[in-house]
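Here the structure comes first, spelled out in structure tokens, and everything after it is commentary.
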Amino acid sequence: MKRGACFILLVMIWTVGYVQNTSLDELEKALLNASTQTERMSVLKELAFLLKNDDREKAMSYARESLYLARRLDDQYGIAEAHHTLGMIYRYQNMYDEALDHFLQALKIREEIQDEVGLARSYNNIGQISDLQGNLSEALGYYEKSLMLRLQNKDSVGIIYSYISIGEVFEKQGDFEQAISSYADALIIANAKNELKGEAFAHAKMGDLFFRMKMYENAEMHYRKGLDQSTSLDDKNGIVLNQTGLATVLTHHGQYPEAQAMLEESLVISRENGFKERTLDAYAALTRVYSDQENYERAYEYQNQYTNLKDSIFNQLKSESLAAIRARHELEKKENEILELRRRQQIDQLRNISLWGLFAGLLLLGGLAIVIYRYRIQARNNLLLSQQKEKIIAKNRQLEVSNQELEDFAYAVSHDLKQPLRTIGSYSGLIKQRYFYKLGEEGQEYLELITGGVTQLHNLLSDLLTYSNVGSNSGQPQMIHLDEVMQSVKYNLAQQISESGAELTINPMPAVPGNYSALVQLFQNLISNGIKFNESPVPRILISYIPRSNAHCIMVRDNGIGIPEEFREKIFKAFQRLHTREKYAGSGIGLAISMKVVKQHGGRIWVSEAEDGGSIFWVEFPFKGK
Ligand code: ADP
């Protein structure tokens, strides 16, 4: 190891000694007793710091746990401290890039939280790494920054080591004057603040520099002062360092036994305390002492020991570095696994959220689609309905027009036919009057057929005219008392009633809105048919009112021949008759007229069978507004 690097290490060890006085045992107990995470985090950091040189693996795991806890607690100060510690551990394994990475992370946080004491340490650490990597001017910059902060903070120990570090850089740069001035500053502060440990170290540095400058007296003076101070403090490191330096000067002066004794003592102390670098220095110095005395055998012996120790240190460092690299690799692998797990968890969460979002979105969309669909169906139905309505209205209008045309035609035909029929009737009457006896039996029979046909045709035309006239002159509907209507019917049918010997029973009737003559026509047809299509000795007609919740219902019951079920609808159509004219006279228009009247009154008409086999005609007039 280079002498410069040795000094840096020494500075660090001494600084640690200053910063950390708590023993390993105490810290391990404290770790077991830590009751809070903050406490555990802090003890872990201390332990890692303490163990960084002796048990680097343990130190690394403590430092990592400390960093983990600090992050969990969101303790920025703790995070910076943990990075700092990790940086130191890497630095002790000569893994400068990794160390620098952690030091820079600590620096960033310390800048954010304005931890000036921490910042000074960060600058110092980064300076050391630059120093070790040979970037001297960069190192100087960081050391000076650190010094400035330490001066501001009046951190005397920090100031002493900053001056020493700065002096080292100057020394490396060959600027001995500046180096001496820096070491002197360190000495002044150490003296003023009675920091004997720092002062002893500064003396050793001064001694080394003067020795390099071949100013052996100055060198000796500083080594002796340093040795005195460190002996009074029982500071083994200081003792060994100054003893080795002093022995080198003594060797130079040819004071071999003294030098030799001093170095042997140093060797023992260094071995006892595990100061490998100091042991190496002692071996080197002893080699020199013996070779100067031309005792090449002993010189070779020490040289050999020096080489062996150097190799073993190198191998140890190598294997420790390898172990550290392996451990770091494992750690990074684990961290990556954790990161990957977290990433997956986040993705899962995101996926869940997205799925729920998607589900909710779909639900919403679905709902919207249904609403839109329903709305569109409704709109289409409404459109269809209104189109249908319009069509029906148009159809009705057409029907009304064609019905009207048909009725007009029927009226015109029946009316116009009546005139020639009347001519035929009157002339056939004249022939009957004047020439009946001249015609002979056969001619008389033909003439009878003609006049019979004329009468029949006349009745048919009258009925047709009546049919086409139904409702044509109805005007505004009036409240019609059906009792009065029945009296008119009875009066009109008086002859038929008396000839047939029929018995009419008319129960009290209601009043309905309508047209008087049309209603007479309706009931006259029904009652007349009841008497006509009747073979009972006494035709009996019962007319009754059956009140209903929403309509007036009139029943016309006869004890006649009845109507087979299959004809009960058909008979309401014009010219539909179930019997010959010879058996029952008629034109087959009466019930068609009845149907037309009922419809014009907004009601309905139908027929059913009476218990005695006769027929019951039902006429229903709905209440207005219901
Ligand atoms: P018409 O009485 O001129 O024959 P309608 O239109 O009044 O014509 O009656 C049609 C047919 O219905 C009748 O020919 C008859 O066969 C049948 N009919 C009508 N009323 C009755 C009734 N009360 N009993 C039995 N049959 C009837």
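Simple scheme: letters A, B, ... for chains in structure tokens order, numbers from 1 for residues in each chain, numbers from 1 for ligands in the order shown.
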
When you look at A:Arg91 with a cut-off of 10 Å (counting only C-alpha atoms), what residues show up, excluding the ones that are within fewer than 4 positions of it in the same chain? I need them as an MDAnalysis selection string.
chainID A and resid 9 52 85:87 95:100 102:103 125 128:129 132

Output of the above residues as an mmCIF file, in the first residue's frame, restricted to N, CA and C atoms:
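To be explicit, this is the file written out as result.cif:
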```cif
data_model
loop_
_atom_site.group_PDB
_atom_site.id
_atom_site.type_symbol
_atom_site.label_atom_id
_atom_site.label_comp_id
_atom_site.auth_asym_id
_atom_site.auth_seq_id
_atom_site.Cartn_x
_atom_site.Cartn_y
_atom_site.Cartn_z
ATOM 1 N N LEU A 9 -5.984 6.351 5.451
ATOM 2 C CA LEU A 9 -6.599 5.312 6.266
ATOM 3 C C LEU A 9 -6.440 5.646 7.751
ATOM 4 N N LYS A 52 -16.635 -1.967 10.175
ATOM 5 C CA LYS A 52 -16.328 -1.863 8.739
ATOM 6 C C LYS A 52 -14.927 -2.360 8.386
ATOM 7 N N THR A 85 -22.124 5.432 5.822
ATOM 8 C CA THR A 85 -21.507 4.224 6.373
ATOM 9 C C THR A 85 -21.191 3.225 5.258
ATOM 10 N N LEU A 86 -22.150 3.030 4.372
ATOM 11 C CA LEU A 86 -21.929 2.095 3.254
ATOM 12 C C LEU A 86 -20.738 2.543 2.405
ATOM 13 N N GLY A 87 -20.664 3.857 2.198
ATOM 14 C CA GLY A 87 -19.542 4.406 1.427
ATOM 15 C C GLY A 87 -18.214 4.058 2.096
ATOM 16 N N MET A 95 -13.164 -0.295 -2.963
ATOM 17 C CA MET A 95 -14.126 -0.238 -4.076
ATOM 18 C C MET A 95 -14.574 1.212 -4.172
ATOM 19 N N TYR A 96 -13.726 1.994 -4.829
ATOM 20 C CA TYR A 96 -13.895 3.448 -4.801
ATOM 21 C C TYR A 96 -15.158 3.941 -5.522
ATOM 22 N N ASP A 97 -15.481 3.320 -6.641
ATOM 23 C CA ASP A 97 -16.670 3.788 -7.385
ATOM 24 C C ASP A 97 -17.933 3.627 -6.552
ATOM 25 N N GLU A 98 -18.039 2.433 -5.926
ATOM 26 C CA GLU A 98 -19.225 2.167 -5.090
ATOM 27 C C GLU A 98 -19.259 3.119 -3.897
ATOM 28 N N ALA A 99 -18.076 3.318 -3.324
ATOM 29 C CA ALA A 99 -17.982 4.208 -2.169
ATOM 30 C C ALA A 99 -18.441 5.615 -2.568
ATOM 31 N N LEU A 100 -17.915 6.082 -3.699
ATOM 32 C CA LEU A 100 -18.252 7.425 -4.163
ATOM 33 C C LEU A 100 -19.757 7.563 -4.392
ATOM 34 N N HIS A 102 -22.201 6.061 -2.854
ATOM 35 C CA HIS A 102 -22.905 6.243 -1.575
ATOM 36 C C HIS A 102 -22.586 7.597 -0.961
ATOM 37 N N PHE A 103 -21.334 8.023 -1.053
ATOM 38 C CA PHE A 103 -20.979 9.334 -0.495
ATOM 39 C C PHE A 103 -21.770 10.446 -1.198
ATOM 40 N N ASN A 125 -15.155 12.928 2.669
ATOM 41 C CA ASN A 125 -15.153 11.565 2.108
ATOM 42 C C ASN A 125 -14.907 11.579 0.605
ATOM 43 N N GLN A 128 -11.443 12.343 -0.169
ATOM 44 C CA GLN A 128 -10.556 11.191 0.028
ATOM 45 C C GLN A 128 -10.587 10.238 -1.171
ATOM 46 N N ILE A 129 -11.796 10.016 -1.689
ATOM 47 C CA ILE A 129 -11.912 9.107 -2.849
ATOM 48 C C ILE A 129 -11.163 9.712 -4.046
ATOM 49 N N LEU A 132 -7.560 9.271 -3.433
ATOM 50 C CA LEU A 132 -7.129 7.890 -3.678
ATOM 51 C C LEU A 132 -7.109 7.555 -5.168
#
```

Ligand 1 neighbours within 9 Å using only C-alpha atoms and all ligand atoms, as a PyMOL selection string | chain A and resi 463+525-534+556-564+567-568+570-581+584-594+614-617

Output C-alpha atoms for every residue in the selection just made, as a PDB file, in the first residue's frame.
```pdb
ATOM      1  CA  ASP A 463    -134.641  -1.057 -47.197  1.00  0.00           C
ATOM      2  CA  ASN A 525    -135.892  -4.582 -36.522  1.00  0.00           C
ATOM      3  CA  LEU A 526    -135.030  -6.713 -33.486  1.00  0.00           C
ATOM      4  CA  ILE A 527    -138.609  -6.945 -32.152  1.00  0.00           C
ATOM      5  CA  SER A 528    -140.080  -7.494 -35.598  1.00  0.00           C
ATOM      6  CA  ASN A 529    -137.565 -10.318 -36.280  1.00  0.00           C
ATOM      7  CA  GLY A 530    -138.402 -11.861 -32.879  1.00  0.00           C
ATOM      8  CA  ILE A 531    -142.067 -12.052 -33.886  1.00  0.00           C
ATOM      9  CA  LYS A 532    -141.366 -13.058 -37.533  1.00  0.00           C
ATOM     10  CA  PHE A 533    -138.881 -15.869 -36.920  1.00  0.00           C
ATOM     11  CA  ASN A 534    -141.095 -17.467 -34.390  1.00  0.00           C
ATOM     12  CA  VAL A 556    -134.365  -8.325 -26.597  1.00  0.00           C
ATOM     13  CA  ARG A 557    -135.349 -11.939 -25.998  1.00  0.00           C
ATOM     14  CA  ASP A 558    -137.759 -14.030 -28.096  1.00  0.00           C
ATOM     15  CA  ASN A 559    -139.079 -17.565 -27.957  1.00  0.00           C
ATOM     16  CA  GLY A 560    -138.537 -17.984 -31.734  1.00  0.00           C
ATOM     17  CA  ILE A 561    -136.731 -20.462 -33.921  1.00  0.00           C
ATOM     18  CA  GLY A 562    -133.266 -19.479 -32.757  1.00  0.00           C
ATOM     19  CA  ILE A 563    -130.071 -18.961 -34.756  1.00  0.00           C
ATOM     20  CA  PRO A 564    -127.470 -21.673 -35.146  1.00  0.00           C
ATOM     21  CA  PHE A 567    -124.511 -17.866 -38.298  1.00  0.00           C
ATOM     22  CA  ARG A 568    -124.560 -15.569 -35.299  1.00  0.00           C
ATOM     23  CA  LYS A 570    -122.845 -13.537 -40.411  1.00  0.00           C
ATOM     24  CA  ILE A 571    -126.471 -12.397 -40.025  1.00  0.00           C
ATOM     25  CA  PHE A 572    -125.361  -8.828 -39.291  1.00  0.00           C
ATOM     26  CA  LYS A 573    -124.058  -8.449 -42.834  1.00  0.00           C
ATOM     27  CA  ALA A 574    -126.327  -7.062 -45.569  1.00  0.00           C
ATOM     28  CA  PHE A 575    -128.438  -9.549 -47.559  1.00  0.00           C
ATOM     29  CA  GLN A 576    -127.484 -12.453 -45.283  1.00  0.00           C
ATOM     30  CA  ARG A 577    -130.559 -14.565 -44.693  1.00  0.00           C
ATOM     31  CA  LEU A 578    -130.918 -18.057 -43.282  1.00  0.00           C
ATOM     32  CA  HIS A 579    -134.267 -18.895 -44.867  1.00  0.00           C
ATOM     33  CA  THR A 580    -136.122 -18.563 -48.132  1.00  0.00           C
ATOM     34  CA  ARG A 581    -138.305 -15.566 -48.768  1.00  0.00           C
ATOM     35  CA  TYR A 584    -139.953 -15.850 -43.942  1.00  0.00           C
ATOM     36  CA  ALA A 585    -140.335 -12.633 -45.883  1.00  0.00           C
ATOM     37  CA  GLY A 586    -137.562 -10.079 -45.789  1.00  0.00           C
ATOM     38  CA  SER A 587    -134.703  -8.502 -47.642  1.00  0.00           C
ATOM     39  CA  GLY A 588    -131.812  -9.467 -45.303  1.00  0.00           C
ATOM     40  CA  ILE A 589    -130.917  -5.867 -44.524  1.00  0.00           C
ATOM     41  CA  GLY A 590    -132.638  -5.333 -41.147  1.00  0.00           C
ATOM     42  CA  LEU A 591    -129.766  -6.548 -38.962  1.00  0.00           C
ATOM     43  CA  ALA A 592    -127.178  -4.742 -41.137  1.00  0.00           C
ATOM     44  CA  ILE A 593    -129.116  -1.527 -40.456  1.00  0.00           C
ATOM     45  CA  SER A 594    -129.220  -2.405 -36.717  1.00  0.00           C
ATOM     46  CA  GLY A 614    -135.031 -18.693 -28.871  1.00  0.00           C
ATOM     47  CA  SER A 615    -132.627 -15.821 -29.462  1.00  0.00           C
ATOM     48  CA  ILE A 616    -131.390 -12.996 -27.253  1.00  0.00           C
ATOM     49  CA  PHE A 617    -130.135  -9.874 -28.993  1.00  0.00           C
TER      50      PHE A 617
END
```

As number ranges by chain, please: the residues near A:Thr451 (cut-off 10 Å, only C-alpha atoms, same-chain neighbours under 2 positions excluded).
A: 424-429, 432, 446-449, 453-457

For those residues, write C-alpha atoms to a file as a PDB file, in the first residue's frame.
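So selection-v2.pdb came out as:
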```pdb
ATOM      1  CA  ILE A 424    -143.591  -1.040 -64.174  1.00  0.00           C
ATOM      2  CA  GLY A 425    -145.814  -1.299 -61.064  1.00  0.00           C
ATOM      3  CA  SER A 426    -148.375   1.210 -62.272  1.00  0.00           C
ATOM      4  CA  TYR A 427    -148.568  -0.207 -65.807  1.00  0.00           C
ATOM      5  CA  SER A 428    -148.751  -3.783 -64.616  1.00  0.00           C
ATOM      6  CA  GLY A 429    -151.550  -2.538 -62.270  1.00  0.00           C
ATOM      7  CA  LYS A 432    -154.426  -6.072 -64.299  1.00  0.00           C
ATOM      8  CA  TYR A 446    -147.446 -14.204 -65.322  1.00  0.00           C
ATOM      9  CA  LEU A 447    -148.928 -10.877 -64.461  1.00  0.00           C
ATOM     10  CA  GLU A 448    -149.162 -11.852 -60.752  1.00  0.00           C
ATOM     11  CA  LEU A 449    -145.460 -12.807 -60.826  1.00  0.00           C
ATOM     12  CA  GLY A 453    -141.592  -9.047 -58.189  1.00  0.00           C
ATOM     13  CA  VAL A 454    -142.245  -5.331 -58.381  1.00  0.00           C
ATOM     14  CA  THR A 455    -143.414  -5.251 -54.727  1.00  0.00           C
ATOM     15  CA  GLN A 456    -140.401  -7.263 -53.635  1.00  0.00           C
ATOM     16  CA  LEU A 457    -138.008  -5.050 -55.535  1.00  0.00           C
TER      17      LEU A 457
END
```

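Excluding A:Gly254 itself and same-chain residues fewer than 4 positions from it, the residues having an atom within 10 Å of it are Thr248, Val249, Leu250, Glu258, Ala259, Val289, Asp292 and Gln293 of chain A, counting only C-alpha atoms.
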
Counting only C-alpha atoms, closest pick from A:Asn352, A:Asn135, A:Gln93, A:Gln524 relative to A:Ile313 is A:Gln93
